Amino acid sequence: MPAKNSKVSVVSKPAMAINEHVVEIISDSGEGAQKCGQSFASIAAKMGNGIWTVEIIPAEIQPPARSIEGASGNRIRLAADRVTNGGDKANLMVAFNEQVLLGRLHADELADGAIILLESKWRTDPNAAVAKSYSNVYERLVADGFKPIEVPMETECLKLVADARRGKNMFVLGLLCSIYSLDMQLARDQISTIFKKKSAKIISANHSLLEAGYDWAEANLDIKFKIPTTPAKEPHIVINGNTALGLGVMASGMEVCAMYPITPATSASHYLSDVFKNVGGVVHQAEDEIAACAFAIGSSYAGKCAVTITSGPGYSLKQECIGLAVMAEIPLVVINVQRGGPSTGQPTKPEQGDMLTAVFGSHGDAPKVVMAATDIEDCFYSVITARRIAETFNTVVVLLSDAGLATAQQPCPRPEFSEDWLAPPIDQSPVEDGRLAYDWQLQTGRVNRIIPGQPNGMHTVTGLAHDRRSCVAYNLTVNKEGVRNRSLKLAALQKTLKTPPVFGDDTGELLVVGWGSTKGAIEEAVQRVRNDGYSVSSLHLRFIQPMASGIKEILQRFDKVLCVENNWSDDMEDDLITEDNRRYSNLAWLLRARSLVDIDCWGEVGEQPIKPGTVERVIRDRLAPRAINKTAPNRAAAGRH
Amino acid sequence: MPAKNSKVSVVSKPAMAINEHVVEIISDSGEGAQKCGQSFASIAAKMGNGIWTVEIIPAEIQPPARSIEGASGNRIRLAADRVTNGGDKANLMVAFNEQVLLGRLHADELADGAIILLESKWRTDPNAAVAKSYSNVYERLVADGFKPIEVPMETECLKLVADARRGKNMFVLGLLCSIYSLDMQLARDQISTIFKKKSAKIISANHSLLEAGYDWAEANLDIKFKIPTTPAKEPHIVINGNTALGLGVMASGMEVCAMYPITPATSASHYLSDVFKNVGGVVHQAEDEIAACAFAIGSSYAGKCAVTITSGPGYSLKQECIGLAVMAEIPLVVINVQRGGPSTGQPTKPEQGDMLTAVFGSHGDAPKVVMAATDIEDCFYSVITARRIAETFNTVVVLLSDAGLATAQQPCPRPEFSEDWLAPPIDQSPVEDGRLAYDWQLQTGRVNRIIPGQPNGMHTVTGLAHDRRSCVAYNLTVNKEGVRNRSLKLAALQKTLKTPPVFGDDTGELLVVGWGSTKGAIEEAVQRVRNDGYSVSSLHLRFIQPMASGIKEILQRFDKVLCVENNWSDDMEDDLITEDNRRYSNLAWLLRARSLVDIDCWGEVGEQPIKPGTVERVIRDRLAPRAINKTAPNRAAAGRH
Amino acid sequence: MAVRATDLLLSSGDEEHTLEEYEGRMPRWCTGCGDLAILAAVQKLCRDKQLNREKVVFVSGIGCSSRFPHYMGTYGFHGLHGRALPVAEGVKMRRPDLDVFVNTGDGDCCSIGAAHWMHATRYNMNMTVMMHDNNIYGLTKKQASPTSPKGTRSNTTPRGSDLDAFDPLAATLGMSNLSFVAQAVDWIPELLYKIIKQGYEHRGFSFIRILQRCPEFMPNRFEACVQDPDKLLLLTHKNGIELSPGLAKVYKNQKEHDPLDLVGAQEIAGTSERVPVGILYRNDSVPCYEDLRQPTELITPQLIRKGLETELDKFTIWPSD
Amino acid sequence: MAVRATDLLLSSGDEEHTLEEYEGRMPRWCTGCGDLAILAAVQKLCRDKQLNREKVVFVSGIGCSSRFPHYMGTYGFHGLHGRALPVAEGVKMRRPDLDVFVNTGDGDCCSIGAAHWMHATRYNMNMTVMMHDNNIYGLTKKQASPTSPKGTRSNTTPRGSDLDAFDPLAATLGMSNLSFVAQAVDWIPELLYKIIKQGYEHRGFSFIRILQRCPEFMPNRFEACVQDPDKLLLLTHKNGIELSPGLAKVYKNQKEHDPLDLVGAQEIAGTSERVPVGILYRNDSVPCYEDLRQPTELITPQLIRKGLETELDKFTIWPSD
Ligand SMILES: Cc1ncc(C[n+]2csc(CCOP(=O)(O)OP(=O)(O)O)c2C)c(N)n1
Ligand SMILES: Cc1ncc(C[n+]2csc(CCOP(=O)(O)OP(=O)(O)O)c2C)c(N)n1
Ligand code: SF4
Ligand code: SF4
Ligand SMILES: [Mg+2]
Ligand SMILES: [Mg+2]
């Protein structure tokens with residue numbers, strides 16, 4: 001072991017120190033680029049690099065091979081320090097064929113001068129059309145100023161294995177280990193781990209492929225980078241947002257998750273289906289989303305606080321049930337992993353388009369708590385908080401995540417379990433005489449609920465207007481009492497919320513406001529322009545409803561306020577759009593109404609999470625529209641929406 | 001005939017001229033107070049009085065007899081001029097037993113010094129408890145300063161019919177004809193009409209009862225009023241809001257109504273089920289609201305623009321389908337007859353609680369048109385407009401009515417049918433080459449849709465993001481194009497909307513803003529305080545989304561702006577409520593966000609439509625809070641919530 | 001007949017529970033409504049079984065019949081139209097100690113709730129479901145329901161409904177994982193009681209369709225059956241319902257039917273001229289979903305900590321020191 | 001066999017429609033996916049029937065199978081998960097001139113769409129419904145569906161699913177107003193074609209369950225049946241499917257089954273060890289809902305004016321002068 005290790009260090013060329021890089025590995029689906037990317041990220045993370053990975057997922061199960069839409073793979077941002085988002089365009093791209101590469105080129109995902117490593121076998125493909133296509137793309141790349149490096153992946157792999165299609169990804173991993181000066185022992189260990197259910201023979205074949213890739217790179221490439229590492233002092237976990245949600249459910253003490261499959265929420269339930277049993281929990285796949293929500297309500301009513309996990313279409317279906325839980329004051333956690341809308345929309349793409357329907361959804365006055373997770377770690381802790389709020393206030397807590405967070409991986413400090421995260425065991429003690437089903441507290445609207453099994457507490461909950469005894473109400477006074485108390489609970493919760501901190505100075509020219517998953521990208525963009533001396537700060541919200549106090553005061557301290565969101569807002573530059581008819585972005589609606597500050601908004605409804613570079617451009621644009629217009633020729637393509 | 005008629009005029013006492021009165025007739029359900037009230041209103045309307053009737057409906061099918069919650073009946077406001085709402089408390093109340101009367105007393109529905117006519121038979125009821133209850137209530141009324149008049153209804157009716165329970169209502173009708181100096185011939189005709197399916201014997205028995213009531217009143221009462229009439233020059237129809245919706249559907253040229261029963265929407269479908277066939281239409285009762293909406297979408301897609309009618313819970317269930325129609329750009333009219341929410345709430349009570357879910361409902365960006373009918377006549381014309389907008393813009397139009405309008409009756413000018421109300425027959429001509437399924441017009445986002453049956457137009461619509469050919473979209477640019485165009489259509493429609501007129505002066509101290517069914521009550525209240533010299537105006541909205549231009553400018557011309565709505569808003573006087581956490585009324589959210597004017601709000605979530613007197617008090621309160629506080633001891637009861 | 005925790009409690013020396021204890025609010029149904037008879041039968045059953053009131057939950061949807069829970073002296077959940085069954089499943093899932101009953105209407109169950117009904121049958125959770133079938137939408141004041149006979153004049157079918165009535169028995173008998181179906185009528189208290197009792201005693205999803213009179217909106221619907229005992233077909237069997245001599249004398253049409261015989265049941269449901277009353281099908285060997293999915297260990301903070309740590313370990317990068 | 005407007009058009013002297021005309025976008029299903037065979041059969045049927053493409057609408061829900069309409073050269077409606085049937089009903093209701101086909105998955109139809117399925121059967125509108133039953137959720141990448149056999153390992157049932165598979169044939173055979181049910185398999189093109197054709201020719205709601213291979217997520221599910229003709233039971237009848245000599249030789253297990261025999265069909269569905277293929281039930285005498293509810297007069301502005309005026313008259317107060 002030491003021998004090989006030392007051999008590697010010996011042949012190594014001097015590495016150029018860089019601070020960060022965005023690397024993409026793309027292939028047809030089934031060729032393993034995902035696995036390669038994830039392994040690469042893991043190794044880097046273990047060495048102490050900051051990482052953030054983004055999945056590149058084709059929309060079909062088995063898209064045609066060598067097709068533009070078929071690109072499947074992984075984007076890994078790795079950096080010396082912690083990173084909070086996927087970064088901007090790719091600095092290095094490994095492509096298994098020229099078509100998937102073309103897809104990324106069309107999507108404008110390659111940075112100027114990006115390094116391209118391209119499987120060369122297609123140049124000599126027996127099918128003339130394929131060979132032609134390859135050389136066309138190659139030439140176009142060259143014309144565009146790239147210097148693609150052709151790598152004989154297939155040829156090299158065939159020296160070691162019979163089916164190169166299944167081996168290439170580990171060869172590429174070796175290649176990348178060489179390029180980024182990663183620890184080969186960690187790489188070998190990684191392979192041993194991911195193939196641990198496979199035979200020793202397979203593991204060793206993959207080790208050979210890894211090393212072949214490494215050696216080939218050492219021998220043939222003169223690119224070598226070294227990104228400084230700061231090995232973690234504390235244990236970290238590397239997980240994606242949906243796994244974090246699943247772990248959060250386990251850690252929150254919830255016992256029941258009722259769901260119906262829907263992308264991109266389902267992988268959280270997949271994970272839970274696998275592991276929830278170990279803590280006594282159960283995942284119930286219901287016949288539809290309505291049943292899933294009703295099931296969760298039934299379980300919560302019976303004292304076992306439950307969660308239901310879904311995405312947009314399922315969320316819309318649950319509206320009536322959510323209103324019932326609000327009305328009957330039954331705790332319920334609803335997780336909505338948002339995807340591109342409206343309707344079936346773009347199932348695998350991120351969007352933050354469901355906030356307003358979360359806030360205002362369900363007929364009548366149905367006040368519920370709406371939270372949004374800001375990063376992977378926050379996905380975990382938000383579930384725990386959501387369960388606690390749901391049970392403290394006997395109400396519905398909607399937790400918003402999105403397709404971006406769902407599949408992005410990031411290291412975060414390993415949580416230390418605390419029993420405080422769990423609710424106490426359900427109360428089955430007799431109810432004292434005179435205590436009513438809805439003994440609303442005058443000040444807070446709160447109620448201590450009575451759970452089936454408690455002697456002397458018998459009553460019937462109902463979605464009809466009802467009085468303190470849970471009897472159907474027939475008059476204004478009684479109805480009003482219920483409506484008031486349910487609303488008041490939000491105010492009571494609001495009093496406990498801290499004003500979110502301003503990122504940057506407390507006053508200034510421009511305040512960028514965001515919520516949920518865009519935190520990393522926005523703050524990075526703000527930091528960049530601040531470094532250039534601009535007077536820009538940002539504010540990021542986790543609690544959408546209720547909203548912490550003090551926000552209006554912050555907004556007022558800036559000359560301009562701009563909401564940046566991953567959802568639609570009409571563009572003032574569109575001919576027909578005026579102040580009078582502009583449809584604002586989700587958060588802008590709420591903030592404008594609450595603060596009366598003239599908040600502008602910018603949004604994107606696209607394929608990927610918003611990039612820091614995009615936000616940066618938007619900021620610069622807002623600060624000096626004309627100047628930017630001239631100096632950023634790329635602007636149109638990159639889409640100031 | 002003439003003989004009787006003249007006899008009646010001869011014995012008549014001199015009548016006191018009054019300008020208007022609110023009359024209530026209440027009984028146990030099944031005793032016919034509804035029919036009595038409606039007939040009374042019809043006769044007055046025919047004579048040329050302005051009327052507005054409000055149903056008093058118990059929450060159960062067959063509530064217990066002689067119970068407070070069982071009160072069933074009718075409130076009729078009749079006046080010299082046109083009235084636009086049910087008015088304030090009752091000036092005269094006819095009660096069939098003391099318990100139903102007590103219910104109205106508890107609900108604070110009797111004006112000071114109201115005349116009470118009470119069936120006297122209970123005083124001597126063989127059941128001592130009943131007799132006791134009667135005299136208790138009687139004494140309480142006296143103590144409260146009323147002078148109840150005991151009427152031996154049963155005794156008098158038994159002189160003519162065997163079952164007094166079934167005859168009393170016509171006796172009371174006679175009574176009221178005497179008191180309000182109504183034309184007895186019209187009354188007799190009315191009876192002939194309502195019993196036209198019954199035998200001549202029954203009709204004549206009811207005529208006798210009518211006359212007995214009239215004669216009894218002439219002989220025993222010394223109250224007699226005369227409300228001036230202005231007989232109509234044009235034909236009028238007297239209908240309630242749900243009938244108006246049904247007639248609107250017929251007149252709009254829609255051919256399909258798909259629904260699932262739900263109170264208070266269903267009576268519109270009942271009416272349609274009865275008559276739609278006569279114009280070739282069909283009412284389909286689906287298995288649930290989702291199926292109803294999907295069915296309507298299918299029908300609209302195939303070129304037969306359809307409507308689906310529902311109330312709150314059904315509206316929530318339709319959210320996913322509504323998003324599909326928005327996305328695939330299929331015209332669809334959704335009528336939501338709002339009821340008390342949230343959840344099952346108060347099925348028979350009015351509320352304006354679904355506006356924000358209409359605007360922001362369905363996940364993702366799902367722009368749809370939202371309209372609200374302001375009175376009975378408007379229910380009719382709004383459906384016609386809704387169908388036209390839906391087909392012009394290929395989108396969803398949500399029309400909001402409510403339980404108040406649904407059952408209120410008012411005379412309105414008889415509509416003159418115009419063929420322009422109908423869409424042209426569906427296009428089945430071949431599609432020219434090159435025309436695409438979604439040929440969005442650059443300026444307006446509009447599209448001329450292609451309907452199955454058109455040769456050369458074949459394509460597959462989808463709820464997935466799609467391009468102009470309706471092919472599934474896989475990238476940002478294409479998705480963005482669709483989202484933009486669907487949103488733009490609202491702006492295009494907005495350009496065609498007129499700024500709503502201000503009621504009162506164009507500037508001033510206070511502007512009251514309302515929407516939908518509260519128009520009559522708000523304007524009446526504003527008129528009253530204006531008559532007292534206050535500088536108050538009001539503005540009323542029909543189009544909620546998009547919203548006409550020029551509204552912000554109006555709002556800015558007033559010192560204070562107050563939204564008055566039949567929905568919940570937190571009370572600033574509640575200890576926990578601050579500017580920072582207050583949940584505003586529905587319209588206030590939208591107007592604050594759009595105009596940035598600091599709009600206050602007041603709302604009621606109760607049993608009945610908001611009364612003009614209540615609005616009046618709220619206005620006076622807002623103008624001089626301290627002073628009002630002192631001079632209006634009733635304030636708490638009336639609920640400035 | 002399975003032994004329930006609640007049965008065992010009888011021996012604990014508590015005072016006997018009286019019928020009154022199982023009464024809740026005053027029923028607000030119309031005079032003569034069949035729901036009243038169902039309520040009486042159920043209250044009697046609870047008393048006879050001496051159920052602990054706090055351990056019983058009645059779940060319902062929306063409709064006249066769904067007001068049922070309010071009138072019981074137990075816990076109740078009066079939820080949403082059509083969604084009684086999934087709520088009841090959620091209640092039962094991790095609270096096997098609770099006795100769960102469901103009251104649903106023909107609209108609630110066969111129309112808006114039909115998918116849940118099919119799947120609840122398949123889950124086969126241990127609960128007793130009473131479908132109050134009055135062949136009409138009562139609460140919303142007379143619209144045709146799926147079970148309304150063809151030609152029913154209602155507010156949405158003023159010229160008579162167009163379709164043949166939907167048959168809930170035939171439908172249930174086609175559903176997978178079926179474990180118990182019976183039919184009762186509100187006007188024969190003895191049978192009503194016996195059938196509900198068997199449903200309660202069956203461990204699994206017991207579906208009982210009860211023909212229920214709605215004098216308000218369908219006054220004549222079941223009159224012929226009520227008046228003429230010949231219109232009924234009583235299903236008897238030693239493993240099903242055994243008739244009292246009194247009943248046996250009045251109801252002459254009887255048929256020996258073994259509840260295990262599915263094809264026989266299908267034939268009865270599909271072809272009978274007469275209204276079958278009794279147990280159509282019962283299969284005690286279908287496992288209950290809540291049993292299949294119960295936790296294998298006692299859930300404690302320690303268990304959760306252990307499970308969570310195990311998971312976290314999988315994803316952890318430990319400091320290399 | 002009913003005569004359709006489109007059949008008559010054949011004589012109109014138009015050019016013959018080719019198979020290619022019925023092709024839409026390039027199918028994007030996995031290699032070996034059974035949906036491809038269904039697509040081929042349907043395209044062939046359209047060609048053989050010489051359907052006018054603009055008069056045909058394929059309606060679907062969401063799922064792999066629901067992509068079907070995109071791949072046809074006709075009109076298509078790719079709607080919401082579970083809601084294909086009510087959309088199709090709406091399309092057909094006032095457009096009897098359109099030929100309506102529905103493609104739905106086992107999740108789409110038997111899970112989220114189950115209530116609509118039951119009621120669509122009852123409405124019996126004239127349309128041909130293909131339920132692509134791959135026993136799995138394909139598009140969302142492998143979750144158990146109601147029809148997954150017990151023990152299926154999927155992403156939501158990693159230790160094997162707990163419940164016995166839901167049987168769509170038995171369920172359909174219990175539904176009211178039923179007029180046509182058949183079962184086909186994707187891997188015998190001749191039968192697939194014949195069965196879909198009979199469904200199309202049946203005037204009413206023709207429900208065809210098609211066992212469909214999903215090599216991606218259920219690679220071995222139907223392998224045994226594909227390999228071993230003995231595992232199938234072919235239902236033959238002169239009023240049902242008649243086998244070609246070739247098929248008859250390979251598939252030895254055949255059963256004469258009269259499609260009119262419901263009880264026989266229930267027995268086949270309920271008890272057969274083998275997978276039945278063919279027409280289980282057909283009843284030509286069930287009326288179609290769209291016929292029962294068709295307008296009695298031609299709808300013209302005049303008719304609407306007349307109807308409206310009649311109504312307005314009822315409510316009018318005429319000036320008394
Ligand atoms: C989502 C929703 N749709 C419709 C309704 C209105 N609604 C209440 S009860 C009911 C049907 C009642 O019929 P059934 O289920 O047969 O019960 P019954 O009243 O006859 O006992 C309907 C349609 C509702 N409350 N919620
Ligand atoms: C309301 C809603 N819920 C869930 C989904 C996610 N979803 C899409 S397809 C599908 C199931 C697919 O299975 P099936 O119907 O069997 O079709 P297949 O893909 O196997 O052909 C699900 C759950 C959705 N799109 N909409
Ligand atoms: S309407 Fe019918 S079902 Fe409802 S309470 Fe009255 S009698 Fe019973
Ligand atoms: S996942 Fe299965 S059903 Fe879907 S396309 Fe692939 S093989 Fe066909
Ligand atoms: Mg019913
Ligand atoms: Mg499937």
# chains A, B, ... in the order shown; residues from 1 in each chain; ligands from 1
>>> residues_near_ligand(ligand="ligand 3", cutoff="12 Å", atoms="only C-alpha atoms and all ligand atoms", output="short mmCIF file (atom, residue, chain, number, x, y, z; two decimals) with N, CA and C atoms, in the first residue's frame")
data_model
loop_
_atom_site.label_atom_id
_atom_site.label_comp_id
_atom_site.auth_asym_id
_atom_site.auth_seq_id
_atom_site.Cartn_x
_atom_site.Cartn_y
_atom_site.Cartn_z
N ALA B 59 -78.86 25.16 9.72
CA ALA B 59 -77.75 24.36 9.22
C ALA B 59 -78.13 22.91 9.01
N GLU B 60 -79.21 22.45 9.64
CA GLU B 60 -79.59 21.04 9.46
C GLU B 60 -80.77 20.87 8.50
N ILE B 61 -80.92 19.64 8.00
CA ILE B 61 -82.03 19.34 7.12
C ILE B 61 -83.34 19.52 7.86
N GLN B 62 -83.44 18.86 9.02
CA GLN B 62 -84.66 18.92 9.79
C GLN B 62 -84.29 19.22 11.23
N PRO B 63 -84.00 20.47 11.52
CA PRO B 63 -83.57 20.80 12.89
C PRO B 63 -84.74 20.60 13.83
N PRO B 64 -84.47 20.44 15.10
CA PRO B 64 -85.56 20.21 16.05
C PRO B 64 -86.56 21.37 15.99
N PRO C 27 -78.86 13.57 18.71
CA PRO C 27 -78.89 13.41 17.26
C PRO C 27 -79.76 14.46 16.60
N ARG C 28 -79.30 14.96 15.49
CA ARG C 28 -80.04 15.99 14.77
C ARG C 28 -80.50 15.48 13.41
N TRP C 29 -80.84 14.21 13.35
CA TRP C 29 -81.35 13.68 12.10
C TRP C 29 -82.86 13.87 12.04
N CYS C 30 -83.44 13.74 10.85
CA CYS C 30 -84.88 13.88 10.69
C CYS C 30 -85.59 12.73 11.42
N THR C 31 -86.82 12.99 11.75
CA THR C 31 -87.65 11.95 12.34
C THR C 31 -87.74 10.78 11.35
N GLY C 32 -87.55 9.60 11.84
CA GLY C 32 -87.67 8.43 10.98
C GLY C 32 -86.44 8.11 10.18
N CYS C 33 -85.39 8.90 10.36
CA CYS C 33 -84.16 8.65 9.61
C CYS C 33 -83.54 7.33 10.06
N GLY C 34 -83.15 6.51 9.12
CA GLY C 34 -82.55 5.21 9.44
C GLY C 34 -81.25 5.31 10.21
N ASP C 35 -80.61 6.47 10.14
CA ASP C 35 -79.36 6.63 10.88
C ASP C 35 -79.57 6.43 12.38
N LEU C 36 -80.79 6.78 12.83
CA LEU C 36 -81.08 6.63 14.26
C LEU C 36 -81.01 5.18 14.69
N ALA C 37 -81.51 4.30 13.83
CA ALA C 37 -81.48 2.87 14.15
C ALA C 37 -80.05 2.36 14.18
N ILE C 38 -79.25 2.86 13.26
CA ILE C 38 -77.85 2.42 13.23
C ILE C 38 -77.14 2.89 14.50
N LEU C 39 -77.42 4.12 14.87
CA LEU C 39 -76.82 4.65 16.10
C LEU C 39 -77.19 3.78 17.30
N ILE C 62 -68.29 13.44 5.28
CA ILE C 62 -69.28 14.50 5.39
C ILE C 62 -70.58 14.00 4.75
N GLY C 63 -71.66 14.29 5.40
CA GLY C 63 -72.98 13.85 4.97
C GLY C 63 -73.84 13.73 6.22
N CYS C 64 -75.12 13.48 6.05
CA CYS C 64 -75.96 13.28 7.22
C CYS C 64 -75.37 12.18 8.09
N SER C 65 -75.10 11.04 7.44
CA SER C 65 -74.59 9.88 8.16
C SER C 65 -73.26 10.17 8.84
N SER C 66 -72.51 11.07 8.28
CA SER C 66 -71.19 11.34 8.83
C SER C 66 -71.24 12.20 10.09
N ARG C 67 -72.45 12.62 10.47
CA ARG C 67 -72.59 13.30 11.76
C ARG C 67 -72.49 12.30 12.92
N PHE C 68 -72.55 11.05 12.58
CA PHE C 68 -72.58 9.95 13.55
C PHE C 68 -71.63 10.14 14.75
N THR C 104 -69.87 6.16 6.87
CA THR C 104 -69.75 6.86 5.59
C THR C 104 -71.06 6.72 4.83
N GLY C 105 -71.31 7.65 3.93
CA GLY C 105 -72.55 7.61 3.14
C GLY C 105 -72.31 7.01 1.77
N ASP C 106 -73.37 6.83 1.03
CA ASP C 106 -73.22 6.24 -0.31
C ASP C 106 -72.47 7.20 -1.23
N GLY C 107 -72.66 8.49 -1.05
CA GLY C 107 -71.89 9.44 -1.84
C GLY C 107 -70.46 9.49 -1.34
N HIS C 132 -73.76 3.90 5.24
CA HIS C 132 -75.19 4.22 5.36
C HIS C 132 -75.69 4.54 3.95
N ASP C 133 -76.36 3.58 3.36
CA ASP C 133 -76.75 3.75 1.96
C ASP C 133 -78.22 4.11 1.84
N ASN C 134 -78.47 5.41 1.73
CA ASN C 134 -79.85 5.87 1.58
C ASN C 134 -80.18 6.15 0.11
N ASN C 135 -79.25 5.79 -0.76
CA ASN C 135 -79.46 5.95 -2.21
C ASN C 135 -79.62 7.41 -2.64
N ILE C 136 -79.11 8.31 -1.83
CA ILE C 136 -79.29 9.72 -2.16
C ILE C 136 -78.25 10.56 -1.41
N TYR C 137 -78.03 11.77 -1.89
CA TYR C 137 -77.25 12.73 -1.12
C TYR C 137 -78.20 13.43 -0.18
N GLY C 138 -78.08 13.14 1.10
CA GLY C 138 -79.00 13.72 2.06
C GLY C 138 -78.62 15.13 2.45
N LEU C 139 -77.43 15.28 2.97
CA LEU C 139 -77.04 16.56 3.57
C LEU C 139 -77.13 17.72 2.59
N THR C 140 -76.81 17.45 1.33
CA THR C 140 -76.86 18.53 0.35
C THR C 140 -78.24 18.65 -0.30
N LYS C 141 -79.18 17.95 0.25
CA LYS C 141 -80.58 18.09 -0.12
C LYS C 141 -80.95 17.53 -1.49
N LYS C 142 -80.74 16.25 -1.60
CA LYS C 142 -81.32 15.51 -2.71
C LYS C 142 -80.66 15.67 -4.08
N GLN C 143 -79.52 15.07 -4.20
CA GLN C 143 -78.98 14.85 -5.53
C GLN C 143 -78.81 13.34 -5.68
N ASP C 186 -81.72 -0.97 7.97
CA ASP C 186 -81.88 -0.26 9.23
C ASP C 186 -83.12 -0.69 10.01
N LEU C 211 -78.69 -0.60 4.23
CA LEU C 211 -79.75 0.12 3.53
C LEU C 211 -80.45 0.99 4.57
N GLN C 212 -80.43 2.29 4.30
CA GLN C 212 -80.85 3.24 5.32
C GLN C 212 -81.94 4.15 4.77
N ARG C 213 -83.02 4.22 5.50
CA ARG C 213 -84.14 5.02 5.01
C ARG C 213 -83.91 6.52 5.21
N CYS C 214 -84.25 7.28 4.19
CA CYS C 214 -84.20 8.74 4.26
C CYS C 214 -85.61 9.25 3.98
N PRO C 215 -86.42 9.33 5.02
CA PRO C 215 -87.81 9.75 4.79
C PRO C 215 -87.90 11.15 4.18
N GLU C 216 -86.88 11.96 4.40
CA GLU C 216 -86.95 13.33 3.90
C GLU C 216 -86.87 13.39 2.37
N PHE C 217 -85.92 12.62 1.82
CA PHE C 217 -85.69 12.78 0.38
C PHE C 217 -85.99 11.54 -0.46
N MET C 218 -86.07 10.38 0.19
CA MET C 218 -86.39 9.16 -0.56
C MET C 218 -87.48 8.40 0.22
N PRO C 219 -88.60 9.06 0.45
CA PRO C 219 -89.57 8.48 1.39
C PRO C 219 -90.04 7.09 1.01
N ASN C 220 -90.09 6.80 -0.28
CA ASN C 220 -90.66 5.49 -0.63
C ASN C 220 -89.63 4.46 -1.06
N ARG C 221 -88.38 4.84 -0.96
CA ARG C 221 -87.36 3.98 -1.53
C ARG C 221 -87.42 2.55 -1.00
#
>>> interface_residues(of="chain A", to="chain B", cutoff="7 Å", atoms="only C-alpha atoms", output="PyMOL selection string")
chain A and resi 312-313+316-317+319-320+323-324+327+340-346+353-354+356-357+360-366+463-465+475-476+479-480+491-492+494+546-547+549+568+576-577+580-581+589+592-593+596-598+605-607
>>> interface_residues(of="chain C", to="chain D", cutoff="9 Å", atoms="only C-alpha atoms", output="VMD selection string")
chain C and resid 110 to 119 122 to 123 146 162 to 177 263 266 to 267 270 287 289 292 to 293
>>> interface_residues(of="chain B", to="chain D", cutoff="6 Å", atoms="only C-alpha atoms", output="MDAnalysis selection string")
chainID B and resid 46 232:238 278:280 291 294:296 298:299 302 453:455 458:463
>>> select_by_dssp(residues="segment 14-205 of chain C", states="strand (DSSP E)", output="MDAnalysis selection string")
chainID C and resid 56:60 75:78 99:105 127:133 136:137 143:144 180:185 205
>>> select_by_dssp(residues="segment 16-247 of chain C", states="alpha helix (DSSP H)", output="PyMOL selection string")
chain C and resi 34-49+84-93+106-110+114-123+168-174+189-201+223-227+245-247
>>> residues_around(residues="Ala182 of chain C", least_positions_apart="3", cutoff="7 Å", atoms="only C-alpha atoms", output="list in words")
Phe207, Ile208, Arg209, Gly278, Ile279, Leu280 and Tyr281 of chain C
>>> residues_around(residues="Asp427 of chain B", least_positions_apart="4", cutoff="10 Å", atoms="only C-alpha atoms", output="number ranges by chain")
B: 303, 431, 449-454
>>> atom_distance(atom1="atom CA of Arg166 of chain B", atom2="atom CA of Glu31 of chain B")
6.2 Å
>>> residues_around(residues="Gln527 of chain B", least_positions_apart="6", cutoff="9 Å", atoms="only C-alpha atoms", output="PyMOL selection string")
chain B and resi 503-504+536-537
